[in-house]
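S.K.: Sharing structure11.txt below, compact mmCIF, C-alpha atoms and all ligand atoms:
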# COMPACT_ATOMS: atom_id res chain seq x y z
CA MET A 269 -2.89 -5.99 -26.02
CA GLU A 270 -6.39 -4.61 -26.23
CA ILE A 271 -7.63 -1.15 -25.40
CA LEU A 272 -11.07 -1.32 -23.82
CA ASN A 273 -13.66 1.45 -23.77
CA ASP A 274 -15.66 2.55 -20.71
CA PHE A 275 -14.11 -0.21 -18.67
CA LEU A 276 -15.68 -0.95 -15.27
CA LEU A 277 -13.00 -0.69 -12.58
CA LYS A 278 -14.96 -2.50 -9.84
CA GLU A 279 -12.45 -5.37 -9.81
CA TYR A 280 -9.57 -2.89 -9.84
CA ASN A 281 -10.43 -0.92 -6.72
CA SER A 282 -10.70 -2.55 -3.32
CA PHE A 283 -13.38 -0.06 -2.22
CA GLY A 284 -15.50 -1.87 -4.83
CA LEU A 285 -16.75 1.37 -6.35
CA ASP A 286 -18.71 1.38 -9.60
CA VAL A 287 -16.39 3.65 -11.55
CA LYS A 288 -15.27 3.46 -15.15
CA ALA A 289 -12.09 4.20 -17.04
CA HIS A 290 -12.61 5.95 -20.39
CA ARG A 291 -9.89 3.64 -21.78
CA PHE A 292 -8.22 0.65 -20.11
CA SER A 293 -5.46 -1.73 -21.04
CA THR A 294 -3.10 -4.21 -19.47
CA PHE A 295 0.46 -4.73 -20.75
CA GLU A 296 2.64 -7.81 -20.46
CA ASN A 297 6.02 -6.46 -21.51
CA ILE A 298 7.92 -3.32 -22.42
CA GLU A 299 6.99 -3.57 -26.11
CA GLU A 300 3.27 -3.55 -25.30
CA PHE A 301 3.83 -0.72 -22.86
CA LYS A 302 5.59 1.37 -25.53
CA GLU A 303 2.75 0.66 -27.95
CA LEU A 304 0.32 2.00 -25.36
CA LEU A 305 2.40 5.14 -24.96
CA LYS A 306 2.44 5.64 -28.73
CA TYR A 307 -1.35 5.28 -28.80
CA ASN A 308 -1.63 7.79 -25.99
CA ASP A 309 0.73 10.28 -27.64
CA LYS A 310 -1.96 10.63 -30.32
CA LYS A 311 -4.89 10.73 -27.90
CA ASN A 312 -3.25 12.70 -25.11
CA TYR A 313 -5.42 11.13 -22.40
CA PRO A 314 -4.48 11.60 -18.74
CA LEU A 315 -2.61 8.42 -17.77
CA LEU A 316 -3.05 6.40 -14.59
CA VAL A 317 -1.14 3.23 -13.68
CA ILE A 318 -2.86 0.90 -11.27
CA GLY A 319 -1.99 -2.38 -9.64
CA ASN A 320 -4.95 -3.85 -7.80
CA GLY A 321 -6.40 -0.53 -6.67
CA SER A 322 -6.06 -1.41 -3.00
CA ASN A 323 -4.67 1.98 -2.10
CA ILE A 324 -6.85 4.14 -4.34
CA LEU A 325 -10.09 6.04 -3.86
CA PHE A 326 -11.76 6.98 -7.13
CA THR A 327 -14.02 9.99 -6.63
CA GLY A 328 -15.64 9.41 -10.01
CA ASP A 329 -15.01 7.92 -13.45
CA PHE A 330 -11.46 8.32 -14.76
CA ASN A 331 -11.59 10.30 -17.96
CA GLY A 332 -8.36 8.98 -19.40
CA LEU A 333 -6.29 5.86 -19.99
CA VAL A 334 -5.78 3.43 -17.10
CA ILE A 335 -2.97 0.93 -17.57
CA HIS A 336 -2.27 -2.17 -15.52
CA PRO A 337 1.06 -4.01 -15.66
CA SER A 338 0.73 -7.78 -15.76
CA MET A 339 4.39 -8.87 -15.87
CA GLN A 340 4.64 -11.66 -13.31
CA ASP A 341 8.13 -13.09 -13.71
CA ILE A 342 10.53 -13.74 -10.84
CA LYS A 343 14.19 -13.82 -11.89
CA LYS A 344 17.21 -14.47 -9.67
CA VAL A 345 19.71 -11.67 -10.38
CA ASN A 346 22.31 -12.14 -7.64
CA GLU A 347 23.20 -14.67 -4.96
CA THR A 348 25.79 -14.78 -2.18
CA LYS A 349 26.31 -17.17 0.73
CA SER A 350 23.93 -15.15 2.85
CA SER A 351 21.46 -13.49 0.48
CA ILE A 352 19.59 -13.74 -2.78
CA ASP A 353 18.19 -10.95 -5.00
CA PHE A 354 15.10 -11.40 -7.15
CA LYS A 355 13.89 -9.13 -9.91
CA ILE A 356 10.09 -9.30 -9.94
CA GLY A 357 7.65 -8.04 -12.55
CA ALA A 358 5.44 -5.15 -11.38
CA GLY A 359 2.23 -7.09 -12.00
CA MET A 360 2.98 -9.98 -9.67
CA ILE A 361 0.59 -10.21 -6.72
CA TRP A 362 2.59 -9.10 -3.69
CA ASP A 363 1.43 -11.91 -1.40
CA GLU A 364 2.24 -14.55 -4.01
CA PHE A 365 5.82 -13.32 -3.96
CA VAL A 366 5.86 -13.42 -0.14
CA SER A 367 4.52 -16.97 -0.27
CA PHE A 368 7.20 -17.92 -2.84
CA CYS A 369 9.96 -16.60 -0.50
CA VAL A 370 8.53 -18.33 2.57
CA ASN A 371 8.33 -21.64 0.68
CA LYS A 372 11.96 -21.29 -0.44
CA ASN A 373 13.03 -20.41 3.11
CA TYR A 374 14.20 -16.89 2.33
CA TRP A 375 13.84 -14.33 5.13
CA GLY A 376 12.93 -10.67 5.10
CA ILE A 377 9.36 -10.04 3.97
CA GLU A 378 7.33 -12.61 5.90
CA ASN A 379 5.90 -9.87 8.19
CA LEU A 380 4.45 -8.25 5.06
CA SER A 381 2.28 -11.31 4.37
CA ASN A 382 -1.22 -10.75 3.07
CA ILE A 383 -0.85 -7.06 2.14
CA PRO A 384 -3.10 -6.67 -0.89
CA GLY A 385 -1.74 -5.32 -4.16
CA THR A 386 1.05 -5.85 -6.62
CA VAL A 387 4.85 -5.86 -6.43
CA GLY A 388 5.03 -2.71 -8.58
CA SER A 389 3.08 -0.73 -5.98
CA ALA A 390 5.10 -1.93 -2.99
CA PRO A 391 7.80 0.77 -3.35
CA ILE A 392 5.26 3.53 -4.07
CA GLN A 393 4.24 3.93 -0.44
CA ASN A 394 7.01 1.76 1.05
CA ILE A 395 4.55 -0.83 2.32
CA GLY A 396 4.97 -1.78 5.92
CA ALA A 397 3.44 -3.90 8.65
CA TYR A 398 4.38 -5.57 11.93
CA GLY A 399 7.75 -3.85 12.34
CA VAL A 400 8.97 -4.28 8.75
CA GLU A 401 9.05 -1.90 5.79
CA ILE A 402 9.89 -2.97 2.26
CA LYS A 403 12.55 -0.23 2.03
CA ASN A 404 14.83 -2.56 4.02
CA ASN A 405 14.80 -5.12 1.21
CA ILE A 406 14.47 -3.13 -1.99
CA GLN A 407 17.77 -2.91 -3.86
CA PHE A 408 16.58 -1.31 -7.10
CA VAL A 409 13.40 -0.12 -8.74
CA GLU A 410 13.31 -0.19 -12.53
CA ILE A 411 11.05 2.51 -13.92
CA PHE A 412 10.00 3.98 -17.22
CA ASP A 413 10.43 7.73 -16.99
CA LEU A 414 7.47 9.25 -18.82
CA ALA A 415 9.16 12.64 -19.21
CA ASP A 416 12.25 11.54 -21.13
CA LYS A 417 10.79 8.21 -22.26
CA ARG A 418 13.66 6.07 -20.97
CA ILE A 419 14.04 3.10 -18.67
CA LYS A 420 15.94 4.03 -15.50
CA VAL A 421 17.13 2.09 -12.50
CA LEU A 422 16.87 3.76 -9.10
CA ASN A 423 18.90 2.38 -6.22
CA ASN A 424 17.51 2.29 -2.71
CA ALA A 425 18.82 5.75 -1.73
CA ALA A 426 17.43 7.32 -4.90
CA CYS A 427 13.94 6.06 -3.98
CA LYS A 428 13.95 8.40 -0.92
CA PHE A 429 11.90 6.02 1.16
CA GLY A 430 10.19 7.26 4.30
CA TYR A 431 7.21 6.22 6.38
CA ARG A 432 4.54 5.36 3.74
CA SER A 433 6.36 7.55 1.26
CA SER A 434 8.94 7.54 -1.50
CA ILE A 435 10.07 9.59 -4.45
CA PHE A 436 7.22 7.93 -6.39
CA LYS A 437 4.70 9.70 -4.15
CA SER A 438 6.51 13.04 -4.37
CA GLU A 439 8.90 14.25 -7.12
CA LEU A 440 8.09 11.36 -9.47
CA LYS A 441 4.36 11.19 -8.74
CA GLY A 442 2.58 10.46 -12.02
CA GLN A 443 5.92 10.78 -13.86
CA CYS A 444 6.96 7.15 -14.06
CA VAL A 445 5.81 3.57 -14.31
CA VAL A 446 7.42 0.91 -12.15
CA LEU A 447 8.33 -2.05 -14.36
CA ASN A 448 10.37 -4.30 -12.04
CA VAL A 449 11.54 -4.33 -8.45
CA VAL A 450 14.73 -6.00 -7.16
CA ILE A 451 14.25 -7.34 -3.64
CA ARG A 452 16.92 -8.89 -1.38
CA LEU A 453 16.09 -11.84 0.86
CA TYR A 454 18.28 -13.53 3.45
CA LYS A 455 19.18 -17.16 4.06
CA LYS A 456 19.86 -16.89 7.80
CA PRO A 457 16.79 -16.85 10.06
CA ASN A 458 16.01 -13.38 11.39
CA PRO A 459 12.55 -13.33 12.96
CA ILE A 460 11.31 -9.80 13.70
CA LEU A 461 8.70 -10.34 16.37
CA SER A 462 8.85 -7.25 18.56
CA TYR A 463 5.42 -6.01 17.45
CA GLU A 464 2.96 -6.27 20.33
CA LYS A 465 2.24 -9.97 21.09
CA LEU A 466 3.55 -11.32 17.80
CA GLU A 467 6.25 -13.55 19.33
CA GLU A 468 3.82 -15.08 21.83
CA LYS A 469 1.35 -15.85 19.06
CA VAL A 470 4.01 -17.39 16.79
CA LEU A 471 5.26 -19.59 19.63
CA LYS A 472 1.73 -20.96 20.05
CA LEU A 473 2.17 -22.49 16.58
CA GLY A 474 5.61 -23.92 17.44
CA LYS A 475 8.99 -22.77 16.16
CA LYS A 476 9.79 -19.21 15.08
CA ASN A 477 10.08 -20.31 11.46
CA LEU A 478 8.94 -18.54 8.31
CA GLN A 479 5.73 -20.49 7.83
CA ASN A 480 4.60 -20.00 11.43
CA ILE A 481 5.32 -16.27 11.25
CA ARG A 482 3.43 -15.98 7.96
CA ASN A 483 0.47 -17.96 9.29
CA THR A 484 0.33 -15.86 12.46
CA ILE A 485 0.40 -12.58 10.53
CA ILE A 486 -2.34 -13.80 8.19
CA GLU A 487 -4.45 -14.83 11.18
CA ILE A 488 -3.99 -11.50 13.00
CA ARG A 489 -4.76 -9.51 9.86
CA SER A 490 -7.90 -11.50 9.11
CA GLN A 491 -9.20 -10.75 12.62
CA LYS A 492 -8.43 -7.02 12.44
CA LEU A 493 -9.10 -5.98 8.87
CA PRO A 494 -12.14 -6.45 6.65
CA ALA A 495 -11.55 -8.51 3.49
CA PRO A 496 -12.21 -6.18 0.52
CA SER A 497 -14.14 -9.03 -1.15
CA GLU A 498 -16.67 -8.76 1.68
CA ILE A 499 -16.53 -5.09 2.71
CA GLY A 500 -14.96 -2.56 0.34
CA ASN A 501 -12.00 -0.73 1.88
CA ALA A 502 -8.44 0.35 1.17
CA GLY A 503 -6.78 -0.57 4.47
CA SER A 504 -5.64 2.37 6.59
CA PHE A 505 -7.14 5.50 5.13
CA PHE A 506 -4.80 7.84 7.06
CA LYS A 507 -1.13 7.75 7.96
CA ASN A 508 -0.09 7.74 11.60
CA PRO A 509 1.00 11.32 12.29
CA VAL A 510 4.69 11.85 13.04
CA LEU A 511 5.24 14.66 15.55
CA SER A 512 8.18 16.41 17.15
CA ASN A 513 9.15 15.27 20.65
CA GLU A 514 7.96 18.61 22.08
CA LYS A 515 4.51 18.37 20.51
CA SER A 516 4.14 14.76 21.62
CA ILE A 517 5.06 15.67 25.24
CA GLU A 518 2.39 18.39 25.18
CA LEU A 519 -0.16 15.82 23.97
CA GLN A 520 0.91 13.20 26.49
CA ASN A 521 0.47 15.74 29.29
CA GLU A 522 -3.06 16.42 28.14
CA PHE A 523 -4.07 12.89 27.10
CA LYS A 524 -2.31 10.45 29.43
CA ASP A 525 -3.25 7.23 27.59
CA ILE A 526 -2.24 8.34 24.09
CA PRO A 527 -0.15 5.59 22.44
CA VAL A 528 3.17 6.92 21.10
CA TYR A 529 5.97 5.13 19.26
CA PRO A 530 9.45 6.70 19.06
CA VAL A 531 10.85 6.86 15.50
CA ASP A 532 14.29 8.38 14.79
CA ASN A 533 14.15 11.89 16.32
CA SER A 534 10.39 12.13 16.43
CA VAL A 535 7.32 10.30 17.63
CA LYS A 536 4.57 8.43 15.80
CA ILE A 537 1.04 8.71 17.19
CA SER A 538 -1.68 6.16 16.54
CA ALA A 539 -4.13 7.72 14.09
CA ALA A 540 -6.61 4.95 14.97
CA TRP A 541 -6.56 6.09 18.62
CA LEU A 542 -7.15 9.73 17.65
CA ILE A 543 -10.09 8.77 15.44
CA GLU A 544 -11.54 6.46 18.06
CA LYS A 545 -11.32 9.20 20.72
CA CYS A 546 -13.41 11.42 18.43
CA GLY A 547 -16.12 8.75 18.54
CA TRP A 548 -15.89 7.47 14.97
CA LYS A 549 -15.19 3.76 15.53
CA GLY A 550 -18.04 1.71 14.08
CA TYR A 551 -19.77 4.84 12.69
CA LYS A 552 -22.17 4.09 9.84
CA LYS A 553 -24.27 6.43 7.78
CA GLY A 554 -25.91 5.29 4.57
CA ASN A 555 -23.37 3.50 2.44
CA VAL A 556 -20.21 4.54 4.23
CA GLY A 557 -18.66 4.02 7.61
CA VAL A 558 -15.69 3.37 9.85
CA TYR A 559 -14.84 -0.29 10.43
CA LYS A 560 -16.04 -1.50 13.82
CA LYS A 561 -12.76 -3.25 14.71
CA GLN A 562 -10.28 -0.71 13.31
CA SER A 563 -11.06 2.99 13.13
CA LEU A 564 -8.36 3.73 10.52
CA VAL A 565 -10.33 1.77 7.94
CA LEU A 566 -13.13 3.53 6.08
CA VAL A 567 -15.59 1.17 4.44
CA ASN A 568 -18.09 0.93 1.64
CA HIS A 569 -21.14 -0.83 3.08
CA GLY A 570 -22.71 -1.34 -0.32
CA ASN A 571 -23.27 1.17 -3.03
CA ALA A 572 -21.12 4.02 -1.78
CA LYS A 573 -19.83 6.69 -4.13
CA GLY A 574 -16.22 7.79 -3.91
CA HIS A 575 -17.19 11.31 -2.93
CA GLU A 576 -19.21 10.00 0.05
CA ILE A 577 -16.12 8.22 1.37
CA LEU A 578 -14.06 11.36 0.81
CA GLU A 579 -16.63 13.48 2.66
CA LEU A 580 -16.52 11.10 5.61
CA ALA A 581 -12.69 11.25 5.57
CA GLU A 582 -12.89 15.05 5.62
CA LYS A 583 -15.27 15.06 8.60
CA ILE A 584 -12.93 12.74 10.49
CA ARG A 585 -9.95 14.97 9.71
CA GLU A 586 -11.83 18.04 10.93
CA SER A 587 -12.92 16.45 14.20
CA VAL A 588 -9.41 15.11 14.92
CA PHE A 589 -8.00 18.56 14.23
CA GLU A 590 -10.56 20.20 16.49
CA LYS A 591 -9.78 17.92 19.43
CA PHE A 592 -6.03 17.33 19.04
CA LYS A 593 -4.83 20.10 16.67
CA ILE A 594 -3.38 17.37 14.43
CA MET A 595 -4.22 17.28 10.72
CA LEU A 596 -4.36 13.67 9.51
CA GLU A 597 -2.80 12.98 6.14
CA PRO A 598 -4.44 10.42 3.82
CA GLU A 599 -2.45 7.29 3.04
CA VAL A 600 -4.85 6.37 0.24
CA ASN A 601 -4.35 7.95 -3.20
CA VAL A 602 -7.42 10.00 -4.04
CA ILE A 603 -8.06 10.11 -7.79
C1 LIG B 701 -7.36 -4.74 3.57
C2 LIG B 701 -6.13 -3.91 3.25
C3 LIG B 701 -5.02 -3.96 4.09
C4 LIG B 701 -3.87 -3.21 3.79
N1 LIG B 701 -2.80 -3.30 4.64
C5 LIG B 701 -1.67 -2.59 4.37
C6 LIG B 701 -0.54 -2.71 5.23
O1 LIG B 701 -0.53 -3.45 6.20
N2 LIG B 701 0.55 -1.98 4.92
C7 LIG B 701 0.61 -1.17 3.82
O2 LIG B 701 1.65 -0.54 3.60
N3 LIG B 701 -0.46 -1.06 2.99
C8 LIG B 701 -1.58 -1.75 3.24
N4 LIG B 701 -2.67 -1.63 2.41
C9 LIG B 701 -2.60 -0.75 1.23
C10 LIG B 701 -2.21 -1.47 -0.08
O3 LIG B 701 -2.32 -2.84 0.07
C11 LIG B 701 -0.78 -1.11 -0.50
O4 LIG B 701 -0.61 0.27 -0.62
C12 LIG B 701 -0.41 -1.77 -1.84
O5 LIG B 701 0.95 -1.57 -2.10
C13 LIG B 701 -1.26 -1.23 -2.99
O6 LIG B 701 -1.02 -2.07 -4.11
P1 LIG B 701 -1.91 -1.97 -5.40
O7 LIG B 701 -1.22 -2.77 -6.46
O8 LIG B 701 -3.30 -2.32 -5.13
O9 LIG B 701 -1.74 -0.41 -5.72
P2 LIG B 701 -2.83 0.58 -6.34
O10 LIG B 701 -3.85 0.88 -5.31
O11 LIG B 701 -3.30 0.07 -7.65
O12 LIG B 701 -1.93 1.87 -6.58
C14 LIG B 701 -1.41 2.60 -5.49
C15 LIG B 701 -0.63 3.80 -6.03
O13 LIG B 701 0.50 3.34 -6.74
C16 LIG B 701 0.47 3.74 -8.11
N5 LIG B 701 0.97 2.60 -8.88
C17 LIG B 701 0.49 1.33 -8.86
N6 LIG B 701 1.24 0.54 -9.66
C18 LIG B 701 2.20 1.33 -10.19
C19 LIG B 701 3.28 1.10 -11.10
N7 LIG B 701 3.55 -0.10 -11.61
N8 LIG B 701 4.06 2.17 -11.45
C20 LIG B 701 3.82 3.41 -10.94
N9 LIG B 701 2.81 3.67 -10.07
C21 LIG B 701 2.01 2.64 -9.70
C22 LIG B 701 -1.00 4.07 -8.40
O14 LIG B 701 -1.11 5.02 -9.44
C23 LIG B 701 -1.44 4.62 -7.05
O15 LIG B 701 -1.06 5.98 -6.91
C24 LIG B 701 -3.83 -2.38 2.65
C25 LIG B 701 -4.95 -2.34 1.80
C26 LIG B 701 -6.09 -3.09 2.08
C27 LIG B 701 -7.24 -3.06 1.15
Please lay out the structure from this file as structure tokens.
Ligand SMILES: Cc1cc2nc3c(=O)[nH]c(=O)nc-3n(C[C@H](O)[C@H](O)[C@H](O)COP(=O)(O)OP(=O)(O)OC[C@H]3O[C@@H](n4cnc5c(N)ncnc54)[C@H](O)[C@@H]3O)c2cc1C

M.R.:
Amino acid sequence: MEILNDFLLKEYNSFGLDVKAHRFSTFENIEEFKELLKYNDKKNYPLLVIGNGSNILFTGDFNGLVIHPSMQDIKKVNETKSSIDFKIGAGMIWDEFVSFCVNKNYWGIENLSNIPGTVGSAPIQNIGAYGVEIKNNIQFVEIFDLADKRIKVLNNAACKFGYRSSIFKSELKGQCVVLNVVIRLYKKPNPILSYEKLEEKVLKLGKKNLQNIRNTIIEIRSQKLPAPSEIGNAGSFFKNPVLSNEKSIELQNEFKDIPVYPVDNSVKISAAWLIEKCGWKGYKKGNVGVYKKQSLVLVNHGNAKGHEILELAEKIRESVFEKFKIMLEPEVNVI
């Protein structure tokens, strides 16, 4: 374990911003992690845990200690006739775990193929895509509680998962470090293909099997979203707003073509549609812009500064509020 000074975080934020951490270290196990905490008890630096930085916007250098878990082990912890549970180290690349499950013929997370980031971050915002959210598969999240300095295991209910949210983004925000996640996969095929034309596209490749679903999702994503290695971005910058039925009826009366998706007792509205209707799609000014194929994605066209991206996000929020009286909430963690 090595503690690095003035560490450039360019490789650790998918916006590709030139920002530095005052101190930076990775840790491979709980002993190294505890050593880092001991070091920080003396220094008292603000602490930030990051995975791959694909859901973070740094507005400047981080004047503290950034730590990055690199535990990558996958351990089977339970198996029945129909399911299997794996405990996965927080530092494992999320898509490598998806690929592992698809190769072993285990069902459940194939629709979450190609989401950037690490396993440890997956529960933080309850990652989701193409009709699946990871909350459906997470059994337990093992954390280190920074307040009472103990390892704790949270079951699914204790994680308080919601749409792009969890206890780790609310009550426990900045209070804990995810060490391991226990995820349940299923042995019986259960393709979830209701999202738009997903089924049709999978069938073009042949059977509705895991590999075809994964390949289709990867193909769709590569057409819709910019690869951070080419254009810096953090995926969807805003959450889709969730509105009451009454509010959504009002909106639908005024804007006939507004796309709405019923969820539980409320309605989800497409934030991309709202932003597009305000004329932002493909917008570019200086180093920052809105991706031409997906208006939820803010991009760094080159040498953008974090604050420029934040200012653009603020302008978008204001114009959406002016037109629709809806205040968009960021999905990305602004640091
Ligand atoms: C091109 C692109 C497409 C994307 N598509 C999707 C999508 O379809 N669906 C979706 O849900 N998301 C999507 N995202 C967002 C992102 O991939 C996810 O949020 C992912 O889980 C972030 O992982 P990360 O390791 O990079 O987290 P980071 O960005 O490093 O961290 C995210 C947050 O989690 C905290 N954190 C990270 N690791 C830990 C830990 N071990 N313990 C405690 N806190 C921690 C950080 O402090 C931060 O607040 C996309 C991003 C990009 C760039």

S.K.: Could you list, as a ChimeraX atom specification, all protein and nucleic acid residues with an atom at most 6 Å from ligand LIG 701 (chain B), counting all atoms listed in the file?

M.R.: /A:282,316-324,358,383-386,388-390,392,395-397,444-447,493-496,501-503,601

S.K.: Compile the contact shell of region 533-544 of chain A as a list of chain:residue names: residues with an atom at most 7 Å away, counting only C-alpha atoms, same-chain residues fewer than 3 positions apart removed.

M.R.: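 Listed by chain and then number, they are A:Lys507, A:Asn508, A:Pro509, A:Val510, A:Leu511, A:Ser512, A:Asn513, A:Ser516, A:Pro527, A:Val528, A:Tyr529, A:Pro530, A:Gly547, A:Trp548, A:Lys549, A:Gln562, A:Ser563, A:Leu564, A:Ile584, A:Val588.
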
S.K.: Which residue, A:Asn281, A:Asn477, A:Gln443, A:Ser350, has the smallest gap to Ile411 (chain A) when you use only C-alpha atoms?

M.R.: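 The closest residue to Ile411 (chain A) is A:Gln443.
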
S.K.: Dig up all the protein and nucleic acid residues within 10 Å of (-13.8, 6.5, -17.6) in the file frame, using all atoms listed in the file, and format them as a PyMOL selection string.

M.R.: chain A and resi 273-277+287-292+328-334

S.K.: Counting all atoms listed in the file, find residues at most 10 Å from (4.0, -17.3, 7.8) (file frame) and give them as a list in words.

M.R.: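 Residues close enough to count: Val366, Ser367, Val370, Asn371, Ile377, Glu378, Asn379, Leu380, Ser381, Asn382, Val470, Lys476, Asn477, Leu478, Gln479, Asn480, Ile481, Arg482, Asn483, Thr484, Ile485, Ile486 and Glu487 of chain A.
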
S.K.: One number please: CA of Ser351 (chain A) to CA of Tyr374 (chain A), in Å, one decimal.

M.R.: 8.2 Å

S.K.: Between CA of Ser497 (chain A) and CA of Ile335 (chain A), what is the distance, to one decimal in Å?

M.R.: 22.2 Å

S.K.: Contacts of Val449 (chain A) at 8 Å or less, counting all atoms listed in the file, minus same-chain residues fewer than 6 places along, as a VMD selection string?

M.R.: chain A and resid 355 to 358 387 to 388 406 to 410

S.K.: Please identify all polymer residues within 6 Å of Phe506 (chain A), counting only C-alpha atoms, omitting same-chain residues fewer than 5 positions from it, and present them as a list in words.

M.R.: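 Returned residues: Glu597, Pro598 and Glu599 of chain A.
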
S.K.: Env of Ile460 (chain A): 9 Å cut, atoms = all atoms listed in the file, seq-sep filter 6 positions within chain, self excluded. Answer as a ChimeraX atom specification.

M.R.: /A:376,379,398-400,466-467

S.K.: Using all atoms listed in the file, which of the listed residues (A:Ala425, A:Phe326, A:Glu514, A:Asn448) sits closest to Tyr280 (chain A)?

M.R.: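 Distance minimum relative to Tyr280 (chain A) lands on A:Phe326.
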
S.K.: Interatomic distance between CA of Lys593 (chain A) and CA of Ile517 (chain A)?

M.R.: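 Pair CA of Lys593 (chain A) / CA of Ile517 (chain A) returns 13.8 Å.
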
S.K.: Applying 10 Å and all atoms listed in the file, which residues near Phe301 (chain A) remain after dropping the ones on its own chain fewer than 2 positions away? List them as a list of chain:residue names.

M.R.: A:Met269, A:Ser293, A:Thr294, A:Phe295, A:Glu296, A:Asn297, A:Ile298, A:Glu299, A:Glu303, A:Leu304, A:Leu305, A:Lys306, A:Tyr307, A:Ile335, A:His336, A:Pro337, A:Phe412, A:Val445, A:Leu447

S.K.: Limited to C-alpha atoms, could you put the picked residues into a file as a tab-separated table (two decimals), in the coordinates of the input?

M.R.:
chain	number	residue	atom	x	y	z
A	269	MET	CA	-2.89	-5.99	-26.02
A	293	SER	CA	-5.46	-1.73	-21.04
A	294	THR	CA	-3.10	-4.21	-19.47
A	295	PHE	CA	0.46	-4.73	-20.75
A	296	GLU	CA	2.64	-7.81	-20.46
A	297	ASN	CA	6.02	-6.46	-21.51
A	298	ILE	CA	7.92	-3.32	-22.42
A	299	GLU	CA	6.99	-3.57	-26.11
A	303	GLU	CA	2.75	0.66	-27.95
A	304	LEU	CA	0.32	2.00	-25.36
A	305	LEU	CA	2.40	5.14	-24.96
A	306	LYS	CA	2.44	5.64	-28.73
A	307	TYR	CA	-1.35	5.28	-28.80
A	335	ILE	CA	-2.97	0.93	-17.57
A	336	HIS	CA	-2.27	-2.17	-15.52
A	337	PRO	CA	1.06	-4.01	-15.66
A	412	PHE	CA	10.00	3.98	-17.22
A	445	VAL	CA	5.81	3.57	-14.31
A	447	LEU	CA	8.33	-2.05	-14.36

S.K.: Just checking: using all atoms listed in the file, which residue out of A:Gly430, A:Glu590, A:Leu578, A:Ser490 ends up closest to Ile603 (chain A)?

M.R.: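 For Ile603 (chain A), the nearest of the given residues is A:Leu578.
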